[in-house]
>>> print(open('target_20.tsv').read())   # TSV, C-alpha atoms and all ligand atoms
chain	number	residue	atom	x	y	z
C	1	MET	CA	-39.43	51.98	-27.04
C	2	SER	CA	-40.43	55.43	-25.83
C	3	THR	CA	-40.56	56.54	-22.24
C	4	ALA	CA	-43.83	57.02	-20.35
C	5	VAL	CA	-42.35	58.17	-17.05
C	6	SER	CA	-38.98	59.66	-16.27
C	7	VAL	CA	-37.93	60.66	-12.75
C	8	ARG	CA	-34.59	62.17	-11.77
C	9	ARG	CA	-33.32	62.93	-8.26
C	10	LEU	CA	-36.87	63.19	-6.92
C	11	ARG	CA	-36.99	64.44	-3.35
C	12	MET	CA	-39.95	64.96	-1.08
C	13	ALA	CA	-40.14	66.17	2.49
C	14	TYR	CA	-43.20	66.56	4.69
C	15	GLY	CA	-42.00	69.34	6.99
C	16	THR	CA	-38.61	68.14	8.20
C	17	ALA	CA	-39.33	64.46	7.41
C	18	GLU	CA	-37.54	63.37	4.22
C	19	VAL	CA	-39.73	60.78	2.58
C	20	LEU	CA	-38.12	60.52	-0.89
C	21	ARG	CA	-34.37	60.92	-1.07
C	22	GLY	CA	-33.29	61.11	-4.68
C	23	VAL	CA	-35.44	58.64	-6.63
C	24	ASP	CA	-34.55	57.86	-10.28
C	25	LEU	CA	-36.98	55.88	-12.45
C	26	ASP	CA	-37.69	55.24	-16.12
C	27	ILE	CA	-40.84	53.47	-17.20
C	28	ARG	CA	-41.29	52.49	-20.84
C	29	ARG	CA	-44.54	52.65	-22.77
C	30	GLY	CA	-46.44	49.36	-22.62
C	31	GLU	CA	-44.55	48.22	-19.55
C	32	ILE	CA	-46.02	46.80	-16.32
C	33	PHE	CA	-43.82	48.43	-13.70
C	34	THR	CA	-44.06	47.71	-9.98
C	35	LEU	CA	-42.96	49.90	-7.13
C	36	LEU	CA	-42.34	47.42	-4.33
C	37	GLY	CA	-41.60	48.32	-0.74
C	38	PRO	CA	-42.63	48.04	2.90
C	39	ASN	CA	-45.16	50.31	4.64
C	40	GLY	CA	-44.09	53.91	4.71
C	41	ALA	CA	-41.39	53.48	2.02
C	42	GLY	CA	-42.82	56.35	-0.04
C	43	LYS	CA	-44.69	54.44	-2.77
C	44	THR	CA	-47.96	56.36	-2.50
C	45	THR	CA	-46.09	59.66	-2.23
C	46	THR	CA	-44.19	58.82	-5.44
C	47	ILE	CA	-47.28	57.98	-7.45
C	48	GLU	CA	-49.20	60.97	-6.10
C	49	ILE	CA	-46.38	63.18	-7.40
C	50	LEU	CA	-46.51	61.41	-10.79
C	51	GLU	CA	-50.30	61.85	-10.91
C	52	GLY	CA	-49.92	65.57	-10.22
C	53	PHE	CA	-51.74	65.39	-6.87
C	54	ARG	CA	-48.73	66.34	-4.78
C	55	ASN	CA	-45.99	68.90	-5.34
C	56	ARG	CA	-42.48	67.58	-5.03
C	57	SER	CA	-39.72	69.25	-3.04
C	58	ALA	CA	-37.04	68.80	-5.74
C	59	GLY	CA	-36.07	66.83	-8.83
C	60	GLU	CA	-37.26	66.43	-12.42
C	61	VAL	CA	-40.37	64.48	-13.37
C	62	SER	CA	-41.91	63.86	-16.79
C	63	VAL	CA	-45.11	61.84	-17.24
C	64	LEU	CA	-46.34	61.31	-20.83
C	65	GLY	CA	-44.11	64.22	-21.84
C	66	ALA	CA	-45.39	66.75	-19.28
C	67	ASP	CA	-44.37	67.91	-15.83
C	68	PRO	CA	-47.21	66.67	-13.57
C	69	ALA	CA	-46.96	69.84	-11.46
C	70	ARG	CA	-48.15	71.75	-14.57
C	71	GLY	CA	-50.25	69.12	-16.35
C	72	GLY	CA	-53.60	70.41	-17.63
C	73	ASP	CA	-56.93	68.66	-18.17
C	74	ALA	CA	-55.95	67.22	-21.56
C	75	TRP	CA	-52.88	65.63	-19.98
C	76	ARG	CA	-54.85	64.32	-17.00
C	77	ALA	CA	-57.41	62.68	-19.31
C	78	ARG	CA	-54.55	60.47	-20.62
C	79	LEU	CA	-54.03	59.02	-17.13
C	80	GLY	CA	-56.08	56.34	-15.39
C	81	ILE	CA	-55.99	56.59	-11.64
C	82	VAL	CA	-57.24	53.87	-9.32
C	83	LEU	CA	-57.22	55.08	-5.77
C	84	GLN	CA	-57.01	52.73	-2.80
C	85	SER	CA	-60.81	52.54	-2.94
C	86	TRP	CA	-63.82	54.47	-4.12
C	87	ARG	CA	-66.14	54.09	-1.18
C	88	ASP	CA	-68.88	56.57	-1.91
C	89	HIS	CA	-70.87	55.06	-4.77
C	90	GLY	CA	-72.46	52.11	-2.99
C	91	ARG	CA	-75.99	52.98	-4.05
C	92	TRP	CA	-75.16	53.15	-7.77
C	93	GLY	CA	-75.63	50.23	-10.09
C	94	VAL	CA	-72.40	48.80	-11.50
C	95	ARG	CA	-73.14	49.54	-15.15
C	96	GLU	CA	-74.79	52.85	-14.27
C	97	LEU	CA	-71.64	54.05	-12.48
C	98	LEU	CA	-69.37	53.09	-15.40
C	99	ALA	CA	-71.66	54.83	-17.90
C	100	HIS	CA	-71.76	57.93	-15.70
C	101	VAL	CA	-67.97	58.12	-15.41
C	102	GLY	CA	-67.74	57.61	-19.19
C	103	GLU	CA	-69.62	60.88	-19.72
C	104	PHE	CA	-66.55	62.78	-18.55
C	105	TYR	CA	-64.45	61.54	-21.49
C	106	ASP	CA	-64.39	62.22	-25.22
C	107	ARG	CA	-63.85	58.61	-26.25
C	108	PRO	CA	-65.17	56.44	-23.41
C	109	ARG	CA	-65.20	52.66	-23.59
C	110	ASP	CA	-68.42	50.82	-24.09
C	111	PRO	CA	-69.64	49.94	-20.56
C	112	ASP	CA	-70.93	46.49	-21.58
C	113	GLU	CA	-67.72	45.50	-23.34
C	114	LEU	CA	-65.78	46.72	-20.34
C	115	LEU	CA	-67.97	44.77	-17.90
C	116	ALA	CA	-67.34	41.63	-19.94
C	117	ALA	CA	-63.57	42.28	-19.95
C	118	LEU	CA	-63.66	42.83	-16.19
C	119	GLY	CA	-65.61	39.61	-15.61
C	120	LEU	CA	-68.48	41.63	-14.16
C	121	ALA	CA	-71.17	41.13	-16.81
C	122	GLU	CA	-73.37	39.24	-14.37
C	123	GLN	CA	-73.11	42.05	-11.83
C	124	ALA	CA	-74.10	44.82	-14.30
C	125	ALA	CA	-77.39	45.62	-12.57
C	126	GLN	CA	-76.16	44.99	-9.03
C	127	ARG	CA	-75.52	47.76	-6.54
C	128	VAL	CA	-71.87	48.61	-6.02
C	129	SER	CA	-72.27	48.03	-2.26
C	130	ARG	CA	-73.17	44.38	-2.94
C	131	LEU	CA	-69.93	43.51	-4.77
C	132	SER	CA	-67.28	41.32	-3.14
C	133	GLY	CA	-63.90	42.91	-2.42
C	134	GLY	CA	-62.35	41.42	-5.58
C	135	GLN	CA	-65.28	42.45	-7.77
C	136	ARG	CA	-65.16	45.92	-6.27
C	137	ARG	CA	-61.48	46.25	-7.10
C	138	ARG	CA	-62.09	45.16	-10.69
C	139	LEU	CA	-64.80	47.80	-10.94
C	140	ASP	CA	-62.29	50.35	-9.57
C	141	VAL	CA	-59.96	49.41	-12.42
C	142	GLY	CA	-62.87	49.69	-14.85
C	143	LEU	CA	-63.52	53.22	-13.62
C	144	GLY	CA	-59.81	54.00	-14.06
C	145	ILE	CA	-59.72	52.76	-17.68
C	146	MET	CA	-63.13	54.01	-18.87
C	147	GLY	CA	-61.46	56.95	-20.65
C	148	ARG	CA	-58.85	54.73	-22.45
C	149	PRO	CA	-55.83	56.07	-20.56
C	150	GLU	CA	-52.28	55.62	-21.85
C	151	LEU	CA	-50.92	55.20	-18.34
C	152	LEU	CA	-52.71	53.47	-15.47
C	153	PHE	CA	-51.77	53.93	-11.82
C	154	LEU	CA	-52.82	51.21	-9.37
C	155	ASP	CA	-52.06	51.77	-5.70
C	156	GLU	CA	-51.90	48.42	-3.86
C	157	PRO	CA	-54.65	46.96	-6.02
C	158	THR	CA	-54.77	43.42	-4.62
C	159	THR	CA	-54.63	44.05	-0.88
C	160	GLY	CA	-57.12	41.69	0.76
C	161	PHE	CA	-57.64	39.51	-2.32
C	162	ASP	CA	-57.90	35.73	-2.14
C	163	PRO	CA	-55.57	33.82	-4.50
C	164	GLU	CA	-58.25	33.31	-7.15
C	165	ALA	CA	-59.25	36.99	-7.22
C	166	ARG	CA	-55.58	37.93	-7.35
C	167	ARG	CA	-54.95	35.64	-10.31
C	168	GLU	CA	-57.92	37.07	-12.21
C	169	PHE	CA	-56.78	40.57	-11.45
C	170	HIS	CA	-53.29	39.79	-12.74
C	171	LEU	CA	-54.76	38.43	-15.98
C	172	LEU	CA	-56.74	41.63	-16.40
C	173	VAL	CA	-53.64	43.81	-15.90
C	174	GLU	CA	-51.68	41.64	-18.36
C	175	ARG	CA	-54.42	42.03	-20.99
C	176	LEU	CA	-54.42	45.81	-20.55
C	177	ALA	CA	-50.65	45.97	-20.98
C	178	ALA	CA	-50.83	43.68	-24.03
C	179	ASP	CA	-53.21	46.26	-25.55
C	180	GLY	CA	-50.46	48.89	-25.15
C	181	MET	CA	-51.32	50.50	-21.82
C	182	THR	CA	-48.49	51.37	-19.46
C	183	VAL	CA	-49.24	50.21	-15.91
C	184	LEU	CA	-47.57	51.41	-12.73
C	185	LEU	CA	-48.61	49.59	-9.61
C	186	THR	CA	-47.49	49.63	-6.01
C	187	THR	CA	-47.39	46.55	-3.81
C	188	HIS	CA	-45.86	45.18	-0.61
C	189	ASP	CA	-45.87	41.75	-2.10
C	190	LEU	CA	-42.68	40.47	-3.66
C	191	ALA	CA	-44.43	37.45	-5.21
C	192	GLU	CA	-46.91	39.77	-6.92
C	193	ALA	CA	-44.14	41.95	-8.35
C	194	GLU	CA	-42.24	38.88	-9.52
C	195	LYS	CA	-45.29	37.38	-11.20
C	196	LEU	CA	-46.75	40.45	-12.86
C	197	ALA	CA	-44.15	43.11	-13.53
C	198	HIS	CA	-41.86	43.44	-16.53
C	199	ARG	CA	-39.68	45.48	-14.19
C	200	THR	CA	-39.74	46.32	-10.49
C	201	ALA	CA	-38.07	48.97	-8.37
C	202	ILE	CA	-37.67	48.23	-4.66
C	203	LEU	CA	-38.20	51.37	-2.61
C	204	VAL	CA	-37.03	51.42	1.00
C	205	ARG	CA	-37.15	54.55	3.11
C	206	GLY	CA	-37.40	56.78	0.11
C	207	GLU	CA	-34.53	55.22	-1.84
C	208	ILE	CA	-34.49	52.75	-4.72
C	209	VAL	CA	-32.32	49.89	-3.50
C	210	ALA	CA	-32.74	47.62	-6.55
C	211	CYS	CA	-34.44	47.85	-9.95
C	212	GLY	CA	-34.83	45.51	-12.89
C	213	SER	CA	-36.62	42.57	-14.50
C	214	PRO	CA	-37.56	39.64	-12.25
C	215	ALA	CA	-34.33	37.87	-13.26
C	216	GLU	CA	-32.17	40.95	-12.68
C	217	LEU	CA	-33.86	41.57	-9.37
C	218	ALA	CA	-33.34	37.99	-8.28
C	219	ASP	CA	-29.62	38.42	-9.03
C	220	ALA	CA	-29.47	41.72	-7.16
C	221	VAL	CA	-31.51	40.50	-4.22
C	222	ARG	CA	-30.24	36.92	-4.13
C	223	ALA	CA	-26.82	38.32	-3.46
C	224	GLU	CA	-25.69	36.32	-0.48
C	225	SER	CA	-25.64	32.69	0.55
C	226	GLN	CA	-24.45	31.11	3.75
C	227	VAL	CA	-21.71	28.48	3.80
C	228	ARG	CA	-21.43	26.52	7.06
C	229	TRP	CA	-18.88	23.94	8.12
C	230	LEU	CA	-17.30	22.44	11.27
C	231	GLU	CA	-13.79	23.40	12.27
C	232	ASP	CA	-12.02	22.87	15.61
C	233	GLY	CA	-15.27	21.50	17.03
C	234	ARG	CA	-17.23	24.68	16.22
C	235	GLU	CA	-19.65	25.64	13.51
C	236	ARG	CA	-18.30	28.35	11.20
C	237	VAL	CA	-20.49	30.52	8.98
C	238	LEU	CA	-19.42	32.53	5.97
C	239	THR	CA	-21.82	34.83	4.11
C	240	THR	CA	-20.82	35.16	0.49
C	241	ALA	CA	-22.07	36.07	-2.99
C	242	ASP	CA	-20.04	33.18	-4.44
C	243	PRO	CA	-20.77	30.04	-2.40
C	244	SER	CA	-19.29	27.65	-5.00
C	245	ARG	CA	-15.95	29.38	-4.79
C	246	ALA	CA	-16.08	29.42	-0.97
C	247	ALA	CA	-16.83	25.68	-0.89
C	248	TRP	CA	-14.02	24.99	-3.35
C	249	GLU	CA	-11.54	27.05	-1.28
C	250	LEU	CA	-12.57	25.19	1.87
C	251	HIS	CA	-12.12	21.90	0.03
C	252	GLU	CA	-8.60	22.98	-0.93
C	253	ARG	CA	-7.79	24.15	2.59
C	254	PHE	CA	-9.04	20.90	4.17
C	255	GLY	CA	-7.30	18.88	1.45
C	256	GLY	CA	-10.55	16.90	0.92
C	257	PRO	CA	-14.13	16.73	2.13
C	258	VAL	CA	-15.13	19.59	4.42
C	259	PRO	CA	-16.72	18.41	7.70
C	260	GLY	CA	-20.37	19.38	8.07
C	261	LEU	CA	-20.37	21.46	4.88
C	262	GLN	CA	-23.71	23.08	4.07
C	263	VAL	CA	-24.50	25.73	1.50
C	264	ARG	CA	-27.74	27.56	1.92
C	265	ARG	CA	-29.15	29.89	-0.67
C	266	PRO	CA	-31.91	31.91	0.97
C	267	SER	CA	-35.18	32.32	-0.88
C	268	LEU	CA	-35.85	35.50	-2.80
C	269	GLU	CA	-38.37	36.37	-0.10
C	270	GLU	CA	-35.81	36.05	2.72
C	271	ASN	CA	-33.32	38.11	0.79
C	272	TYR	CA	-35.87	40.77	0.00
C	273	LEU	CA	-36.68	41.00	3.71
C	274	SER	CA	-33.00	41.25	4.58
C	275	LEU	CA	-32.51	43.94	1.92
C	276	VAL	CA	-35.43	45.88	3.37
C	277	GLY	CA	-34.06	45.33	6.88
C	278	ARG	CA	-30.55	46.45	5.93
C	279	ALA	CA	-31.73	49.61	4.22
C	280	ALA	CA	-34.00	50.44	7.16
I	301	LIG	N1	-49.51	64.15	4.11
I	301	LIG	C1	-48.48	63.68	4.82
I	301	LIG	N2	-47.91	64.43	5.78
I	301	LIG	C2	-46.86	63.99	6.50
I	301	LIG	N3	-46.29	62.78	6.33
I	301	LIG	C3	-46.81	61.98	5.39
I	301	LIG	C4	-47.93	62.39	4.58
I	301	LIG	N4	-48.21	61.38	3.72
I	301	LIG	C5	-47.33	60.40	3.98
I	301	LIG	N5	-46.48	60.75	4.99
I	301	LIG	C6	-45.35	59.95	5.50
I	301	LIG	O1	-44.48	59.69	4.43
I	301	LIG	C7	-43.95	58.37	4.51
I	301	LIG	C8	-44.22	57.63	3.21
I	301	LIG	O2	-45.62	57.44	3.09
I	301	LIG	P1	-46.26	56.73	1.82
I	301	LIG	O3	-47.74	56.69	2.05
I	301	LIG	O4	-45.77	57.37	0.59
I	301	LIG	O5	-45.64	55.27	1.93
I	301	LIG	P2	-46.10	53.91	1.24
I	301	LIG	O6	-44.85	53.27	0.78
I	301	LIG	O7	-47.15	54.17	0.23
I	301	LIG	O8	-46.71	53.12	2.46
I	301	LIG	P3	-47.92	52.05	2.55
I	301	LIG	O9	-47.39	50.82	1.93
I	301	LIG	O10	-48.10	51.91	4.01
I	301	LIG	O11	-49.10	52.64	1.83
I	301	LIG	C9	-44.57	57.73	5.74
I	301	LIG	O12	-43.65	57.83	6.80
I	301	LIG	C10	-45.80	58.58	5.99
I	301	LIG	O13	-46.10	58.60	7.37
>>> encode(input="target_20.tsv", output="structure tokens")
Amino acid sequence: MSTAVSVRRLRMAYGTAEVLRGVDLDIRRGEIFTLLGPNGAGKTTTIEILEGFRNRSAGEVSVLGADPARGGDAWRARLGIVLQSWRDHGRWGVRELLAHVGEFYDRPRDPDELLAALGLAEQAAQRVSRLSGGQRRRLDVGLGIMGRPELLFLDEPTTGFDPEARREFHLLVERLAADGMTVLLTTHDLAEAEKLAHRTAILVRGEIVACGSPAELADAVRAESQVRWLEDGRERVLTTADPSRAAWELHERFGGPVPGLQVRRPSLEENYLSLVGRAA
């Protein structure tokens, strides 16, 4: 499979503040890739560099075969960019706004087909300012994909969504990827990354601390369990990547059942938080 995005040793500083410290990434065509990390990790900075909106301090970046710092209009037309929110079109009608944006592209989508795919057919004539938050976000995606982009950037697309709106949004992103679009999205939400992404990179303080498929990430993140037991009247705690072996060794040492033995495997969520905490 060919590569949509390749990033090597990407560094970014705002003045003296180092925000990205040597980021490496490869995103394949047709992949849903999530950049996951806490506030201030550098997610928006990374995608702004990939979109060509921000000049990097150092490193090599290729997006759809071009360096974003030198990408021209033809290159930019192959990207779909969904900003955190378009706020300034409230007075437009929903269909009217899509049709208007379509005029900027050579091969725009049909606005009515797109409205149906977005689940917004009933809102076609409504003013943008009257949409709910979830409907608004779906329209934002519609605006981003009107020109049939090869690569879609979504910056924290589901912030503020209720579970139903989130599920519908995920289905929409999955359909787009199934049609061959590459999708790069940022999120704070581990569950979202786990559910939606083919692969996820966890960014903490400008460094990738783990990257892989949900299963690979679970292995990387679910690294440590706690083994507890009672010895000499006190509770002992051992943190280990191999709790079965630790329990077996204790069993050997005690020559039988281990008093008060407990093995606790933290949830992926707890481990993600501890990974984020450790790196910070
Ligand atoms: N234009 C700027 N000038 C100076 N510092 C900036 C600028 N933009 C972002 N930063 C700083 O860079 C760091 C990374 O910000 P960025 O917005 O990339 O993080 P993020 O992971 O997207 O965070 P969030 O999840 O809160 O959106 C933060 O410490 C932020 O304060």
>>> residues_around(input="target_20.tsv", residues="Pro214 (chain C)", least_positions_apart="2", cutoff="12 Å", atoms="only C-alpha atoms", output="PyMOL selection string")
chain C and resi 32-34+190-202+210-212+216-222+268
>>> residues_near_ligand(input="target_20.tsv", ligand="ligand LIG 301 (chain I)", cutoff="9 Å", atoms="all atoms listed in the file", output="PDB file with C-alpha atoms, in the coordinates of the input")
ATOM      1  CA  MET C  12     -39.950  64.960  -1.080  1.00  0.00           C
ATOM      2  CA  ALA C  13     -40.140  66.170   2.490  1.00  0.00           C
ATOM      3  CA  TYR C  14     -43.200  66.560   4.690  1.00  0.00           C
ATOM      4  CA  GLY C  15     -42.000  69.340   6.990  1.00  0.00           C
ATOM      5  CA  ALA C  17     -39.330  64.460   7.410  1.00  0.00           C
ATOM      6  CA  GLU C  18     -37.540  63.370   4.220  1.00  0.00           C
ATOM      7  CA  VAL C  19     -39.730  60.780   2.580  1.00  0.00           C
ATOM      8  CA  LEU C  20     -38.120  60.520  -0.890  1.00  0.00           C
ATOM      9  CA  LEU C  35     -42.960  49.900  -7.130  1.00  0.00           C
ATOM     10  CA  LEU C  36     -42.340  47.420  -4.330  1.00  0.00           C
ATOM     11  CA  GLY C  37     -41.600  48.320  -0.740  1.00  0.00           C
ATOM     12  CA  PRO C  38     -42.630  48.040   2.900  1.00  0.00           C
ATOM     13  CA  ASN C  39     -45.160  50.310   4.640  1.00  0.00           C
ATOM     14  CA  GLY C  40     -44.090  53.910   4.710  1.00  0.00           C
ATOM     15  CA  ALA C  41     -41.390  53.480   2.020  1.00  0.00           C
ATOM     16  CA  GLY C  42     -42.820  56.350  -0.040  1.00  0.00           C
ATOM     17  CA  LYS C  43     -44.690  54.440  -2.770  1.00  0.00           C
ATOM     18  CA  THR C  44     -47.960  56.360  -2.500  1.00  0.00           C
ATOM     19  CA  THR C  45     -46.090  59.660  -2.230  1.00  0.00           C
ATOM     20  CA  THR C  46     -44.190  58.820  -5.440  1.00  0.00           C
ATOM     21  CA  ILE C  47     -47.280  57.980  -7.450  1.00  0.00           C
ATOM     22  CA  GLU C  48     -49.200  60.970  -6.100  1.00  0.00           C
ATOM     23  CA  ASP C 155     -52.060  51.770  -5.700  1.00  0.00           C
ATOM     24  CA  GLU C 156     -51.900  48.420  -3.860  1.00  0.00           C
ATOM     25  CA  THR C 186     -47.490  49.630  -6.010  1.00  0.00           C
ATOM     26  CA  THR C 187     -47.390  46.550  -3.810  1.00  0.00           C
ATOM     27  CA  HIS C 188     -45.860  45.180  -0.610  1.00  0.00           C
ATOM     28  CA  LEU C 203     -38.200  51.370  -2.610  1.00  0.00           C
ATOM     29  CA  VAL C 204     -37.030  51.420   1.000  1.00  0.00           C
ATOM     30  CA  ARG C 205     -37.150  54.550   3.110  1.00  0.00           C
ATOM     31  CA  GLY C 206     -37.400  56.780   0.110  1.00  0.00           C
TER      32      GLY C 206
END
>>> closest_residue(input="target_20.tsv", among="C:Trp248, C:Gly142, C:Pro257, C:Leu273", to="Glu113 (chain C)", atoms="only C-alpha atoms")
C:Gly142
>>> atom_distance(input="target_20.tsv", atom1="CA of Leu238 (chain C)", atom2="CA of Ile208 (chain C)")
27.4 Å
>>> residues_around(input="target_20.tsv", residues="Val263 (chain C)", least_positions_apart="5", cutoff="7 Å", atoms="only C-alpha atoms", output="PDB file with C-alpha atoms, keeping the file's coordinate frame")
ATOM      1  CA  GLN C 226     -24.450  31.110   3.750  1.00  0.00           C
ATOM      2  CA  VAL C 227     -21.710  28.480   3.800  1.00  0.00           C
ATOM      3  CA  ARG C 228     -21.430  26.520   7.060  1.00  0.00           C
ATOM      4  CA  PRO C 243     -20.770  30.040  -2.400  1.00  0.00           C
TER       5      PRO C 243
END
>>> closest_residue(input="target_20.tsv", among="C:Trp229, C:Phe104, C:Phe169, C:Tyr272", to="Ala77 (chain C)", atoms="all atoms listed in the file")
C:Phe104
>>> atom_distance(input="target_20.tsv", atom1="CA of Asp140 (chain C)", atom2="CA of Leu184 (chain C)")
15.1 Å
>>> closest_residue(input="target_20.tsv", among="C:Gly71, C:Ile145, C:Arg136, C:Ala66", to="Tyr105 (chain C)", atoms="only C-alpha atoms")
C:Ile145
>>> atom_distance(input="target_20.tsv", atom1="CA of Val141 (chain C)", atom2="CA of Thr3 (chain C)")
22.9 Å
>>> residues_around(input="target_20.tsv", residues="Glu96 (chain C)", least_positions_apart="2", cutoff="12 Å", atoms="only C-alpha atoms", output="list in words")
His89, Gly90, Arg91, Trp92, Gly93, Val94, Leu98, Ala99, His100, Val101, Gly102, Glu103, Asp110, Pro111, Asp112, Leu115, Gln123, Ala124, Ala125, Gln126, Arg127, Val128, Leu139 and Leu143 of chain C
>>> residues_around(input="target_20.tsv", residues="Thr158 (chain C)", least_positions_apart="6", cutoff="8 Å", atoms="all atoms listed in the file", output="CSV table (one decimal) with C-alpha atoms, in the frame of the given file")
chain,number,residue,atom,x,y,z
C,134,GLY,CA,-62.4,41.4,-5.6
C,137,ARG,CA,-61.5,46.2,-7.1
C,166,ARG,CA,-55.6,37.9,-7.4
C,169,PHE,CA,-56.8,40.6,-11.4
>>> build_atoms(input="target_20.tsv", residues="region 158-177 of chain C", atoms="N, CA and C atoms", output="PDB file, in the coordinates of the input")
ATOM      1  N   THR C 158     -54.289  44.769  -4.982  1.00  0.00           N
ATOM      2  CA  THR C 158     -54.770  43.420  -4.620  1.00  0.00           C
ATOM      3  C   THR C 158     -54.763  43.167  -3.111  1.00  0.00           C
ATOM      4  N   THR C 159     -54.586  44.231  -2.325  1.00  0.00           N
ATOM      5  CA  THR C 159     -54.630  44.050  -0.880  1.00  0.00           C
ATOM      6  C   THR C 159     -55.964  43.416  -0.481  1.00  0.00           C
ATOM      7  N   GLY C 160     -55.890  42.330   0.279  1.00  0.00           N
ATOM      8  CA  GLY C 160     -57.120  41.690   0.760  1.00  0.00           C
ATOM      9  C   GLY C 160     -57.746  40.714  -0.223  1.00  0.00           C
ATOM     10  N   PHE C 161     -57.079  40.445  -1.351  1.00  0.00           N
ATOM     11  CA  PHE C 161     -57.640  39.510  -2.320  1.00  0.00           C
ATOM     12  C   PHE C 161     -57.337  38.066  -1.930  1.00  0.00           C
ATOM     13  N   ASP C 162     -58.248  37.148  -2.267  1.00  0.00           N
ATOM     14  CA  ASP C 162     -57.900  35.730  -2.140  1.00  0.00           C
ATOM     15  C   ASP C 162     -57.103  35.335  -3.395  1.00  0.00           C
ATOM     16  N   PRO C 163     -56.460  34.165  -3.366  1.00  0.00           N
ATOM     17  CA  PRO C 163     -55.570  33.820  -4.500  1.00  0.00           C
ATOM     18  C   PRO C 163     -56.265  33.820  -5.848  1.00  0.00           C
ATOM     19  N   GLU C 164     -57.521  33.380  -5.880  1.00  0.00           N
ATOM     20  CA  GLU C 164     -58.250  33.310  -7.150  1.00  0.00           C
ATOM     21  C   GLU C 164     -58.512  34.734  -7.689  1.00  0.00           C
ATOM     22  N   ALA C 165     -58.969  35.612  -6.799  1.00  0.00           N
ATOM     23  CA  ALA C 165     -59.250  36.990  -7.220  1.00  0.00           C
ATOM     24  C   ALA C 165     -57.964  37.667  -7.674  1.00  0.00           C
ATOM     25  N   ARG C 166     -56.870  37.355  -6.992  1.00  0.00           N
ATOM     26  CA  ARG C 166     -55.580  37.930  -7.350  1.00  0.00           C
ATOM     27  C   ARG C 166     -55.149  37.479  -8.740  1.00  0.00           C
ATOM     28  N   ARG C 167     -55.353  36.180  -9.015  1.00  0.00           N
ATOM     29  CA  ARG C 167     -54.950  35.640 -10.310  1.00  0.00           C
ATOM     30  C   ARG C 167     -55.769  36.305 -11.425  1.00  0.00           C
ATOM     31  N   GLU C 168     -57.068  36.441 -11.191  1.00  0.00           N
ATOM     32  CA  GLU C 168     -57.920  37.070 -12.210  1.00  0.00           C
ATOM     33  C   GLU C 168     -57.527  38.525 -12.433  1.00  0.00           C
ATOM     34  N   PHE C 169     -57.179  39.167 -11.348  1.00  0.00           N
ATOM     35  CA  PHE C 169     -56.780  40.570 -11.450  1.00  0.00           C
ATOM     36  C   PHE C 169     -55.485  40.688 -12.257  1.00  0.00           C
ATOM     37  N   HIS C 170     -54.558  39.773 -12.001  1.00  0.00           N
ATOM     38  CA  HIS C 170     -53.290  39.790 -12.740  1.00  0.00           C
ATOM     39  C   HIS C 170     -53.536  39.587 -14.239  1.00  0.00           C
ATOM     40  N   LEU C 171     -54.463  38.672 -14.556  1.00  0.00           N
ATOM     41  CA  LEU C 171     -54.760  38.430 -15.980  1.00  0.00           C
ATOM     42  C   LEU C 171     -55.321  39.691 -16.624  1.00  0.00           C
ATOM     43  N   LEU C 172     -56.162  40.390 -15.884  1.00  0.00           N
ATOM     44  CA  LEU C 172     -56.740  41.630 -16.400  1.00  0.00           C
ATOM     45  C   LEU C 172     -55.631  42.660 -16.673  1.00  0.00           C
ATOM     46  N   VAL C 173     -54.722  42.830 -15.726  1.00  0.00           N
ATOM     47  CA  VAL C 173     -53.640  43.810 -15.900  1.00  0.00           C
ATOM     48  C   VAL C 173     -52.759  43.401 -17.095  1.00  0.00           C
ATOM     49  N   GLU C 174     -52.498  42.102 -17.230  1.00  0.00           N
ATOM     50  CA  GLU C 174     -51.680  41.640 -18.360  1.00  0.00           C
ATOM     51  C   GLU C 174     -52.367  41.930 -19.698  1.00  0.00           C
ATOM     52  N   ARG C 175     -53.687  41.740 -19.742  1.00  0.00           N
ATOM     53  CA  ARG C 175     -54.420  42.030 -20.990  1.00  0.00           C
ATOM     54  C   ARG C 175     -54.339  43.517 -21.328  1.00  0.00           C
ATOM     55  N   LEU C 176     -54.471  44.361 -20.301  1.00  0.00           N
ATOM     56  CA  LEU C 176     -54.420  45.810 -20.550  1.00  0.00           C
ATOM     57  C   LEU C 176     -53.049  46.205 -21.100  1.00  0.00           C
ATOM     58  N   ALA C 177     -52.002  45.635 -20.511  1.00  0.00           N
ATOM     59  CA  ALA C 177     -50.650  45.970 -20.980  1.00  0.00           C
ATOM     60  C   ALA C 177     -50.435  45.436 -22.395  1.00  0.00           C
TER      61      ALA C 177
END
